[in-house]
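**Q** Contents of input23.cif (mmCIF, C-alpha atoms) are below:
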```
data_coords
#
loop_
_atom_site.label_atom_id
_atom_site.label_comp_id
_atom_site.auth_asym_id
_atom_site.auth_seq_id
_atom_site.Cartn_x
_atom_site.Cartn_y
_atom_site.Cartn_z
CA MET Z 1 29.62 -29.50 44.06
CA SER Z 2 28.09 -26.56 45.91
CA LYS Z 3 25.38 -24.72 43.99
CA ASN Z 4 26.38 -21.36 45.50
CA ILE Z 5 27.88 -19.12 42.78
CA LEU Z 6 29.08 -15.50 42.67
CA VAL Z 7 28.77 -13.66 39.34
CA THR Z 8 30.51 -10.31 38.96
CA GLY Z 9 28.94 -8.01 36.39
CA SER Z 10 25.70 -9.91 36.95
CA GLU Z 11 23.44 -7.09 35.73
CA GLY Z 12 25.29 -6.55 32.45
CA TYR Z 13 24.61 -7.69 28.90
CA ILE Z 14 26.04 -11.20 29.38
CA GLY Z 15 25.49 -11.37 33.14
CA SER Z 16 21.72 -10.84 33.07
CA VAL Z 17 21.33 -13.77 30.65
CA LEU Z 18 23.84 -15.99 32.48
CA VAL Z 19 22.14 -15.42 35.86
CA GLU Z 20 18.78 -16.50 34.43
CA GLU Z 21 20.36 -19.67 33.00
CA LEU Z 22 22.17 -20.46 36.27
CA VAL Z 23 18.94 -20.08 38.25
CA LYS Z 24 17.09 -22.33 35.74
CA ASN Z 25 19.83 -24.92 36.34
CA GLY Z 26 19.29 -24.92 40.09
CA TYR Z 27 22.11 -22.61 41.19
CA LEU Z 28 21.91 -20.10 44.03
CA VAL Z 29 23.39 -16.94 42.56
CA THR Z 30 24.78 -13.85 44.21
CA GLY Z 31 25.59 -11.03 41.83
CA ILE Z 32 27.83 -8.04 42.33
CA ASP Z 33 27.40 -5.11 39.96
CA ASN Z 34 27.70 -1.33 40.14
CA CYS Z 35 24.59 -1.00 37.94
CA TYR Z 36 25.83 1.71 35.56
CA PHE Z 37 23.31 0.58 32.95
CA GLU Z 38 20.25 -0.18 35.06
CA GLU Z 39 18.04 2.22 33.06
CA SER Z 40 18.22 -0.08 30.03
CA ARG Z 41 17.56 -3.22 32.12
CA ASP Z 42 14.29 -5.15 31.82
CA ARG Z 43 12.84 -5.41 35.30
CA SER Z 44 12.43 -8.98 36.41
CA ARG Z 45 12.61 -10.66 39.78
CA LEU Z 46 14.42 -13.94 39.93
CA LYS Z 47 14.17 -16.38 42.78
CA ASN Z 48 17.53 -17.64 44.05
CA TYR Z 49 19.30 -14.48 42.88
CA ARG Z 50 20.61 -11.81 45.25
CA LEU Z 51 22.20 -8.61 43.94
CA ILE Z 52 24.86 -6.68 45.82
CA LYS Z 53 25.13 -3.21 44.30
CA GLU Z 54 28.83 -2.52 44.65
CA ASP Z 55 31.94 -1.75 42.59
CA ILE Z 56 34.31 -4.70 42.15
CA ARG Z 57 37.12 -2.40 43.27
CA LYS Z 58 35.46 -2.41 46.73
CA ILE Z 59 35.24 -6.11 47.55
CA ASP Z 60 37.39 -6.20 50.69
CA LYS Z 61 34.39 -6.60 53.03
CA LEU Z 62 32.70 -9.22 50.85
CA ASP Z 63 32.99 -12.76 52.26
CA LEU Z 64 33.72 -15.17 49.39
CA SER Z 65 33.95 -18.31 51.52
CA PRO Z 66 30.33 -19.44 50.89
CA TYR Z 67 30.86 -19.70 47.13
CA PHE Z 68 31.97 -22.73 45.17
CA ALA Z 69 32.86 -20.59 42.15
CA VAL Z 70 33.27 -17.04 40.91
CA ILE Z 71 32.31 -16.22 37.32
CA HIS Z 72 34.06 -12.96 36.61
CA LEU Z 73 32.39 -10.87 33.91
CA ALA Z 74 32.71 -7.37 35.38
CA ALA Z 75 34.71 -4.94 33.23
CA LEU Z 76 34.53 -1.67 31.40
CA SER Z 77 32.89 -3.36 28.55
CA ASN Z 78 34.51 -2.84 25.16
CA ASP Z 79 37.32 -1.32 23.12
CA ILE Z 80 35.69 2.09 22.66
CA THR Z 81 34.61 2.46 26.29
CA GLY Z 82 38.11 1.45 27.37
CA ASP Z 83 39.52 4.46 25.56
CA ILE Z 84 37.68 7.02 27.76
CA GLN Z 85 40.28 6.65 30.51
CA PRO Z 86 42.77 3.86 29.73
CA GLU Z 87 44.10 3.91 33.29
CA LYS Z 88 40.60 3.18 34.65
CA THR Z 89 40.26 0.28 32.22
CA PHE Z 90 43.54 -1.08 33.57
CA GLU Z 91 42.42 -0.61 37.18
CA ILE Z 92 38.99 -2.20 36.73
CA ASN Z 93 39.67 -4.84 34.09
CA TYR Z 94 43.12 -5.97 35.25
CA LEU Z 95 43.96 -4.99 38.85
CA SER Z 96 40.49 -5.73 40.22
CA THR Z 97 40.38 -9.05 38.37
CA VAL Z 98 43.63 -10.18 40.00
CA ARG Z 99 42.56 -8.93 43.44
CA ILE Z 100 39.22 -10.73 43.39
CA ALA Z 101 40.88 -13.96 42.19
CA GLN Z 102 43.50 -13.77 44.95
CA LYS Z 103 40.80 -13.11 47.54
CA ALA Z 104 38.68 -15.99 46.18
CA LYS Z 105 41.63 -18.37 46.49
CA ARG Z 106 42.44 -17.24 50.05
CA GLU Z 107 38.82 -17.74 51.13
CA GLY Z 108 38.40 -21.24 49.74
CA VAL Z 109 36.61 -20.73 46.41
CA LYS Z 110 37.30 -23.77 44.22
CA LYS Z 111 36.83 -22.40 40.69
CA PHE Z 112 37.34 -19.03 38.98
CA LEU Z 113 36.08 -18.51 35.42
CA PHE Z 114 37.36 -15.43 33.62
CA SER Z 115 35.54 -13.81 30.73
CA SER Z 116 38.32 -12.83 28.32
CA SER Z 117 38.04 -11.90 24.64
CA CYS Z 118 39.16 -12.94 21.17
CA SER Z 119 39.85 -9.24 20.58
CA ILE Z 120 43.32 -9.84 22.03
CA TYR Z 121 44.32 -11.29 18.63
CA GLY Z 122 43.87 -7.83 17.05
CA ILE Z 123 44.85 -7.93 13.39
CA ALA Z 124 45.29 -11.41 11.98
CA LYS Z 125 45.95 -10.99 8.29
CA ASN Z 126 47.24 -14.48 7.67
CA GLY Z 127 45.16 -17.54 8.30
CA ILE Z 128 43.08 -18.42 11.34
CA VAL Z 129 44.23 -17.83 14.92
CA ASP Z 130 44.17 -20.42 17.68
CA GLU Z 131 45.26 -20.40 21.32
CA THR Z 132 48.94 -20.75 20.33
CA SER Z 133 48.88 -17.83 17.87
CA ARG Z 134 50.71 -14.58 18.46
CA ILE Z 135 48.49 -12.09 20.24
CA ASN Z 136 48.28 -8.46 19.15
CA PRO Z 137 46.09 -6.51 21.61
CA LEU Z 138 45.42 -3.09 20.08
CA THR Z 139 43.27 -1.39 22.74
CA PRO Z 140 43.39 -0.76 26.51
CA TYR Z 141 40.50 -3.24 26.84
CA ALA Z 142 42.35 -6.04 25.01
CA LYS Z 143 45.66 -5.27 26.76
CA ALA Z 144 43.98 -5.45 30.19
CA LYS Z 145 42.39 -8.80 29.28
CA ILE Z 146 45.69 -10.42 28.32
CA ALA Z 147 47.46 -8.98 31.38
CA ALA Z 148 44.73 -10.49 33.60
CA GLU Z 149 45.00 -13.87 31.85
CA THR Z 150 48.77 -13.93 32.50
CA GLU Z 151 48.37 -13.25 36.24
CA LEU Z 152 45.44 -15.62 36.68
CA LYS Z 153 47.48 -18.52 35.30
CA LYS Z 154 50.02 -17.87 38.08
CA ILE Z 155 47.31 -18.03 40.76
CA ALA Z 156 45.88 -21.37 39.59
CA ASP Z 157 46.91 -24.56 41.40
CA ASN Z 158 45.55 -28.02 42.19
CA ILE Z 159 43.04 -26.58 44.67
CA PHE Z 160 42.08 -23.35 42.88
CA CYS Z 161 40.95 -24.00 39.30
CA VAL Z 162 41.11 -21.12 36.81
CA GLY Z 163 39.36 -21.28 33.43
CA LEU Z 164 40.13 -18.62 30.82
CA LEU Z 165 37.41 -18.14 28.19
CA ARG Z 166 38.33 -15.98 25.18
CA ASN Z 167 34.84 -15.16 23.98
CA SER Z 168 33.85 -14.43 20.41
CA THR Z 169 31.99 -11.16 19.76
CA VAL Z 170 28.61 -11.63 21.39
CA TYR Z 171 25.23 -10.93 19.83
CA GLY Z 172 21.56 -11.52 20.65
CA TYR Z 173 18.86 -10.20 22.91
CA SER Z 174 19.52 -9.71 26.62
CA PRO Z 175 17.44 -8.23 29.46
CA ASN Z 176 20.20 -5.59 29.61
CA PHE Z 177 20.47 -5.03 25.88
CA ARG Z 178 23.33 -3.14 24.23
CA ASN Z 179 23.65 -2.10 20.61
CA ASP Z 180 27.37 -1.32 20.45
CA LEU Z 181 28.19 -4.86 19.27
CA VAL Z 182 28.40 -5.46 15.54
CA VAL Z 183 25.28 -7.61 14.98
CA ASN Z 184 23.11 -5.77 17.52
CA ASN Z 185 24.21 -2.44 16.10
CA LEU Z 186 23.33 -3.35 12.53
CA VAL Z 187 19.90 -4.61 13.65
CA THR Z 188 19.03 -1.48 15.63
CA VAL Z 189 20.26 0.83 12.86
CA ALA Z 190 18.08 -1.09 10.41
CA LEU Z 191 15.04 -0.88 12.71
CA ALA Z 192 15.53 2.86 13.23
CA THR Z 193 16.51 3.92 9.71
CA LYS Z 194 15.66 1.01 7.38
CA LYS Z 195 19.34 1.06 6.41
CA ILE Z 196 21.91 -1.62 7.21
CA THR Z 197 24.94 0.64 7.24
CA ILE Z 198 28.38 -0.94 6.84
CA MET Z 199 31.27 1.43 7.58
CA SER Z 200 33.86 -0.81 5.88
CA ASP Z 201 33.79 -2.65 2.57
CA GLY Z 202 32.12 -5.60 4.31
CA THR Z 203 35.06 -7.99 3.97
CA PRO Z 204 36.39 -8.06 7.58
CA TRP Z 205 35.90 -11.31 9.47
CA ARG Z 206 34.43 -11.58 12.96
CA PRO Z 207 34.01 -14.61 15.23
CA LEU Z 208 30.49 -14.44 16.69
CA ILE Z 209 28.43 -16.14 19.39
CA ASP Z 210 24.93 -15.68 20.77
CA VAL Z 211 24.72 -14.60 24.41
CA LEU Z 212 22.56 -17.62 25.30
CA ASP Z 213 25.02 -20.06 23.75
CA LEU Z 214 27.83 -18.33 25.65
CA SER Z 215 25.90 -18.55 28.93
CA ARG Z 216 25.37 -22.30 28.44
CA ILE Z 217 29.11 -22.68 27.83
CA PHE Z 218 29.96 -20.89 31.08
CA ILE Z 219 27.75 -23.39 32.90
CA LYS Z 220 29.54 -26.29 31.15
CA PHE Z 221 32.88 -24.88 32.35
CA LEU Z 222 31.42 -24.48 35.83
CA GLU Z 223 30.51 -28.19 35.85
CA ALA Z 224 33.67 -29.42 34.09
CA ASN Z 225 36.34 -31.52 35.77
CA PRO Z 226 39.01 -29.01 36.92
CA ALA Z 227 41.76 -31.06 35.23
CA GLN Z 228 40.01 -30.45 31.90
CA ILE Z 229 40.22 -26.64 32.04
CA ASN Z 230 42.63 -25.56 34.78
CA SER Z 231 45.05 -22.77 33.84
CA GLN Z 232 44.09 -23.17 30.19
CA VAL Z 233 42.93 -20.68 27.58
CA PHE Z 234 39.99 -21.61 25.35
CA ASN Z 235 38.72 -19.71 22.32
CA ILE Z 236 34.95 -19.81 22.76
CA GLY Z 237 32.72 -19.96 19.70
CA PHE Z 238 31.76 -22.04 16.70
CA ASN Z 239 33.83 -22.41 13.55
CA GLU Z 240 30.76 -21.94 11.36
CA ASN Z 241 30.16 -18.57 13.05
CA ASN Z 242 33.30 -16.93 11.68
CA LEU Z 243 31.45 -14.52 9.38
CA GLN Z 244 32.26 -11.55 7.21
CA VAL Z 245 30.44 -8.31 8.00
CA ARG Z 246 28.68 -8.43 4.61
CA ASN Z 247 27.31 -11.91 5.47
CA ILE Z 248 25.92 -10.47 8.70
CA ALA Z 249 24.22 -7.66 6.75
CA GLU Z 250 22.69 -10.12 4.29
CA LYS Z 251 21.33 -12.28 7.11
CA ILE Z 252 19.73 -9.23 8.76
CA LYS Z 253 18.18 -8.17 5.45
CA GLU Z 254 16.50 -11.61 5.24
CA GLU Z 255 14.68 -10.72 8.48
CA LEU Z 256 14.14 -7.04 7.57
CA PRO Z 257 13.58 -7.17 3.80
CA GLN Z 258 12.54 -3.51 3.60
CA SER Z 259 16.02 -2.47 4.70
CA VAL Z 260 18.72 -1.41 2.25
CA ILE Z 261 22.37 -2.45 2.70
CA ILE Z 262 24.68 0.56 2.33
CA TYR Z 263 28.48 0.40 2.24
CA THR Z 264 29.94 3.75 3.29
CA HIS Z 265 33.62 2.65 3.13
CA GLN Z 266 34.12 5.14 5.97
CA HIS Z 267 36.70 2.84 7.55
CA GLY Z 268 38.24 1.89 4.21
CA ASN Z 269 39.56 -1.63 4.35
CA ASP Z 270 38.92 -2.19 8.05
CA VAL Z 271 42.13 -3.64 9.49
CA ARG Z 272 40.37 -5.36 12.41
CA THR Z 273 39.79 -8.71 10.82
CA TYR Z 274 40.37 -12.12 12.29
CA ARG Z 275 39.02 -15.66 12.07
CA VAL Z 276 39.32 -17.90 15.09
CA ASN Z 277 39.88 -21.64 15.38
CA PHE Z 278 37.68 -23.25 18.06
CA HIS Z 279 38.93 -26.85 17.73
CA LYS Z 280 40.40 -27.00 21.24
CA PHE Z 281 37.08 -25.99 22.82
CA HIS Z 282 35.12 -28.49 20.72
CA ARG Z 283 37.57 -31.32 21.43
CA SER Z 284 37.15 -30.67 25.15
CA PHE Z 285 33.37 -30.21 24.99
CA PRO Z 286 32.17 -32.27 21.99
CA GLU Z 287 28.60 -32.30 23.32
CA ILE Z 288 28.19 -28.54 22.83
CA SER Z 289 26.67 -27.38 19.56
CA GLN Z 290 25.38 -24.01 18.45
CA GLN Z 291 21.74 -23.47 19.41
CA TRP Z 292 21.40 -19.84 18.33
CA PRO Z 293 22.83 -19.29 14.83
CA LEU Z 294 22.76 -15.76 13.49
CA GLY Z 295 19.43 -15.84 11.62
CA LYS Z 296 17.50 -17.39 14.53
CA SER Z 297 19.04 -14.91 16.98
CA VAL Z 298 18.35 -11.87 14.77
CA LYS Z 299 14.70 -12.93 14.41
CA LYS Z 300 14.34 -13.16 18.20
CA MET Z 301 16.16 -9.83 18.71
CA ILE Z 302 13.81 -8.02 16.33
CA ALA Z 303 10.74 -9.51 18.02
CA LYS Z 304 11.99 -8.56 21.51
CA LEU Z 305 12.91 -5.01 20.48
CA ASN Z 306 9.49 -4.60 18.86
CA GLU Z 307 7.90 -5.79 22.13
CA LYS Z 308 9.86 -3.02 23.90
CA ASN Z 309 8.62 -0.53 21.26
CA PHE Z 310 12.20 0.21 20.23
CA ASN Z 311 12.07 3.39 18.18
CA THR Z 312 14.11 6.11 16.53
CA MET Z 313 14.27 8.04 19.83
CA ASP Z 314 15.88 5.07 21.62
CA PHE Z 315 18.39 4.96 18.79
CA ARG Z 316 19.13 8.71 18.77
CA THR Z 317 19.51 8.97 22.53
CA GLU Z 318 21.88 5.97 22.46
CA LYS Z 319 20.05 4.44 25.41
CA TYR Z 320 21.65 1.06 24.70
CA THR Z 321 25.17 2.31 23.90
CA ARG Z 322 27.59 1.81 26.80
CA LEU Z 323 29.95 4.68 25.95
CA ALA Z 324 27.11 7.19 25.57
CA VAL Z 325 25.55 6.14 28.90
CA LEU Z 326 28.87 6.39 30.76
CA ASN Z 327 29.57 9.81 29.25
CA ARG Z 328 26.13 11.04 30.37
CA LEU Z 329 26.71 9.73 33.91
CA LEU Z 330 30.11 11.44 34.04
CA LYS Z 331 28.78 14.72 32.61
CA SER Z 332 25.87 14.81 35.08
CA LYS Z 333 28.31 14.02 37.91
CA ALA Z 334 26.33 10.91 38.82
CA LEU Z 335 29.75 9.26 38.46
CA ASP Z 336 32.94 10.95 39.61
CA LYS Z 337 36.12 10.96 37.54
CA GLU Z 338 37.14 7.67 39.19
CA PHE Z 339 33.92 6.05 37.90
CA TYR Z 340 32.43 5.73 41.40
CA TRP Z 341 28.81 6.70 42.08
CA THR Z 342 28.40 10.06 43.78
CA SER Z 343 25.51 11.26 45.96
CA HIS Z 344 23.91 12.44 42.69
CA GLY Z 345 23.89 8.87 41.33
#
```
Can you dump the structure from the file as structure tokens?
**A**
Amino acid sequence: MSKNILVTGSEGYIGSVLVEELVKNGYLVTGIDNCYFEESRDRSRLKNYRLIKEDIRKIDKLDLSPYFAVIHLAALSNDITGDIQPEKTFEINYLSTVRIAQKAKREGVKKFLFSSSCSIYGIAKNGIVDETSRINPLTPYAKAKIAAETELKKIADNIFCVGLLRNSTVYGYSPNFRNDLVVNNLVTVALATKKITIMSDGTPWRPLIDVLDLSRIFIKFLEANPAQINSQVFNIGFNENNLQVRNIAEKIKEELPQSVIIYTHQHGNDVRTYRVNFHKFHRSFPEISQQWPLGKSVKKMIAKLNEKNFNTMDFRTEKYTRLAVLNRLLKSKALDKEFYWTSHG
């Protein structure tokens, strides 16, 4: 197997951790990223990593033939951000995904791993969802993910292996940190205000995974026999990490005992609640176990944010919030209305 890998979205929250892990495992990594969020990125130079600063909508001139695999992370990154311009979410998260996969197949890439999301299940009031459950994508982000999955399955064949990873909600420290994810948000709010503020009644369920555990899993899929994963969907996570929001708050309070848990009930009985069954993933990869449970990850996150002197100003300016950063770039005309960099960027 060639060690030459292309990672799209390589400078993002997941990508910056995954690239480090790939390099540690002896891979030669090329990244492609438009670097919207480079101001929040820890500066580090990695050997065996080359960054191409480009939008994934402009990949026509990029030669994919040297790469054994493409790990496709690049996307407008969450439900809220996807709502800014739903048509842009569709263009970037769906159309560009299909185009880069088609190009990869034409140019001899052997494996394409797609970063999808458990958010496609939407509301799951009854029981626990698995890969055969009815999907209910509620947002442009989730709808684009499922549309991309559908097309990618059609592209897969005996020569071009496609793996579809429906990730749990990610948490944990990353060199390109973001705090608009449930665990990270609660930690940063607590650090800034000494309050762990829950907008709901705390009962909604979330499937969770640490970004380092997720990165290790991508590498396992990269190294897996194609017959084991080809054209298949896998829920990615750990059954023990289906947690209620109130359990998350309690775990954070253990690490920040001076904080007070406050339930605002602002969202009433939050309808976005779902538990996910990960049996298929664990049957296929029985050797993988969780290395970064919530408490251990929260402890590391707090230590890393303290090292960075995270403070109330970082919190108020929303430096680590993707939607706020994109809105600032659009308002300053660093990005045009199509989300391309301008000469001001």
**Q** Dig up all the protein and nucleic acid residues within 6 Å of (32.1, -19.1, 39.4) in the file frame, using all atoms listed in the file, and format them as a PyMOL selection string.
**A** chain Z and resi 5-6+69-71+111-113
**Q** Given all atoms listed in the file as the basis, pick out the residue of Z:Asp33, Z:Asp336, Z:Asp60, Z:Glu20 nearest to Leu46 (chain Z).
**A**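 Going through Z:Asp33, Z:Asp336, Z:Asp60, Z:Glu20 one by one, the smallest distance to Leu46 (chain Z) is for Z:Glu20.
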**Q** Counting all atoms listed in the file, which residue out of Z:Lys88, Z:Lys319, Z:Lys194, Z:Lys337 sits closest to Asn179 (chain Z)?
**A** Z:Lys319
**Q** My list of candidates is Z:Lys308, Z:Lys3, Z:Lys299, Z:Arg328. Which is closest to Leu256 (chain Z) when distances are computed with only C-alpha atoms?
**A** Z:Lys299
**Q** Do you know which residues the PyMOL selection byres ((chain Z and resi 338-344) around 10) returns on this file, as a PyMOL selection string?
**A** chain Z and resi 34-36+54-55+57+85+87-88+92+326+329-330+332-337+345
**Q** Mind checking which residues fall within 9 Å of Phe37 (chain Z), counting all atoms listed in the file, ignoring those fewer than 2 positions away in the same chain, and posting them as a PDB file with C-alpha atoms, in the frame of the given file?
**A**
```pdb
ATOM      1  CA  GLU Z  11      23.440  -7.090  35.730  1.00  0.00           C
ATOM      2  CA  GLY Z  12      25.290  -6.550  32.450  1.00  0.00           C
ATOM      3  CA  ASN Z  34      27.700  -1.330  40.140  1.00  0.00           C
ATOM      4  CA  CYS Z  35      24.590  -1.000  37.940  1.00  0.00           C
ATOM      5  CA  GLU Z  39      18.040   2.220  33.060  1.00  0.00           C
ATOM      6  CA  SER Z  40      18.220  -0.080  30.030  1.00  0.00           C
ATOM      7  CA  ARG Z  41      17.560  -3.220  32.120  1.00  0.00           C
ATOM      8  CA  ASN Z 176      20.200  -5.590  29.610  1.00  0.00           C
ATOM      9  CA  TYR Z 320      21.650   1.060  24.700  1.00  0.00           C
ATOM     10  CA  ARG Z 322      27.590   1.810  26.800  1.00  0.00           C
ATOM     11  CA  VAL Z 325      25.550   6.140  28.900  1.00  0.00           C
ATOM     12  CA  LEU Z 326      28.870   6.390  30.760  1.00  0.00           C
TER      13      LEU Z 326
END
```
**Q** Please check which residues have atoms at most 10 Å from (36.2, -14.0, 32.8) in the file's coordinates, counting all atoms listed in the file, and write them as a PDB file with C-alpha atoms, in the frame of the given file.
**A**
```pdb
ATOM      1  CA  VAL Z   7      28.770 -13.660  39.340  1.00  0.00           C
ATOM      2  CA  THR Z   8      30.510 -10.310  38.960  1.00  0.00           C
ATOM      3  CA  VAL Z  70      33.270 -17.040  40.910  1.00  0.00           C
ATOM      4  CA  ILE Z  71      32.310 -16.220  37.320  1.00  0.00           C
ATOM      5  CA  HIS Z  72      34.060 -12.960  36.610  1.00  0.00           C
ATOM      6  CA  LEU Z  73      32.390 -10.870  33.910  1.00  0.00           C
ATOM      7  CA  ALA Z  74      32.710  -7.370  35.380  1.00  0.00           C
ATOM      8  CA  ALA Z  75      34.710  -4.940  33.230  1.00  0.00           C
ATOM      9  CA  ASN Z  93      39.670  -4.840  34.090  1.00  0.00           C
ATOM     10  CA  THR Z  97      40.380  -9.050  38.370  1.00  0.00           C
ATOM     11  CA  PHE Z 112      37.340 -19.030  38.980  1.00  0.00           C
ATOM     12  CA  LEU Z 113      36.080 -18.510  35.420  1.00  0.00           C
ATOM     13  CA  PHE Z 114      37.360 -15.430  33.620  1.00  0.00           C
ATOM     14  CA  SER Z 115      35.540 -13.810  30.730  1.00  0.00           C
ATOM     15  CA  SER Z 116      38.320 -12.830  28.320  1.00  0.00           C
ATOM     16  CA  SER Z 117      38.040 -11.900  24.640  1.00  0.00           C
ATOM     17  CA  LYS Z 145      42.390  -8.800  29.280  1.00  0.00           C
ATOM     18  CA  ALA Z 148      44.730 -10.490  33.600  1.00  0.00           C
ATOM     19  CA  GLU Z 149      45.000 -13.870  31.850  1.00  0.00           C
ATOM     20  CA  VAL Z 162      41.110 -21.120  36.810  1.00  0.00           C
ATOM     21  CA  GLY Z 163      39.360 -21.280  33.430  1.00  0.00           C
ATOM     22  CA  LEU Z 164      40.130 -18.620  30.820  1.00  0.00           C
ATOM     23  CA  LEU Z 165      37.410 -18.140  28.190  1.00  0.00           C
ATOM     24  CA  ARG Z 166      38.330 -15.980  25.180  1.00  0.00           C
ATOM     25  CA  ASN Z 167      34.840 -15.160  23.980  1.00  0.00           C
ATOM     26  CA  PHE Z 218      29.960 -20.890  31.080  1.00  0.00           C
TER      27      PHE Z 218
END
```
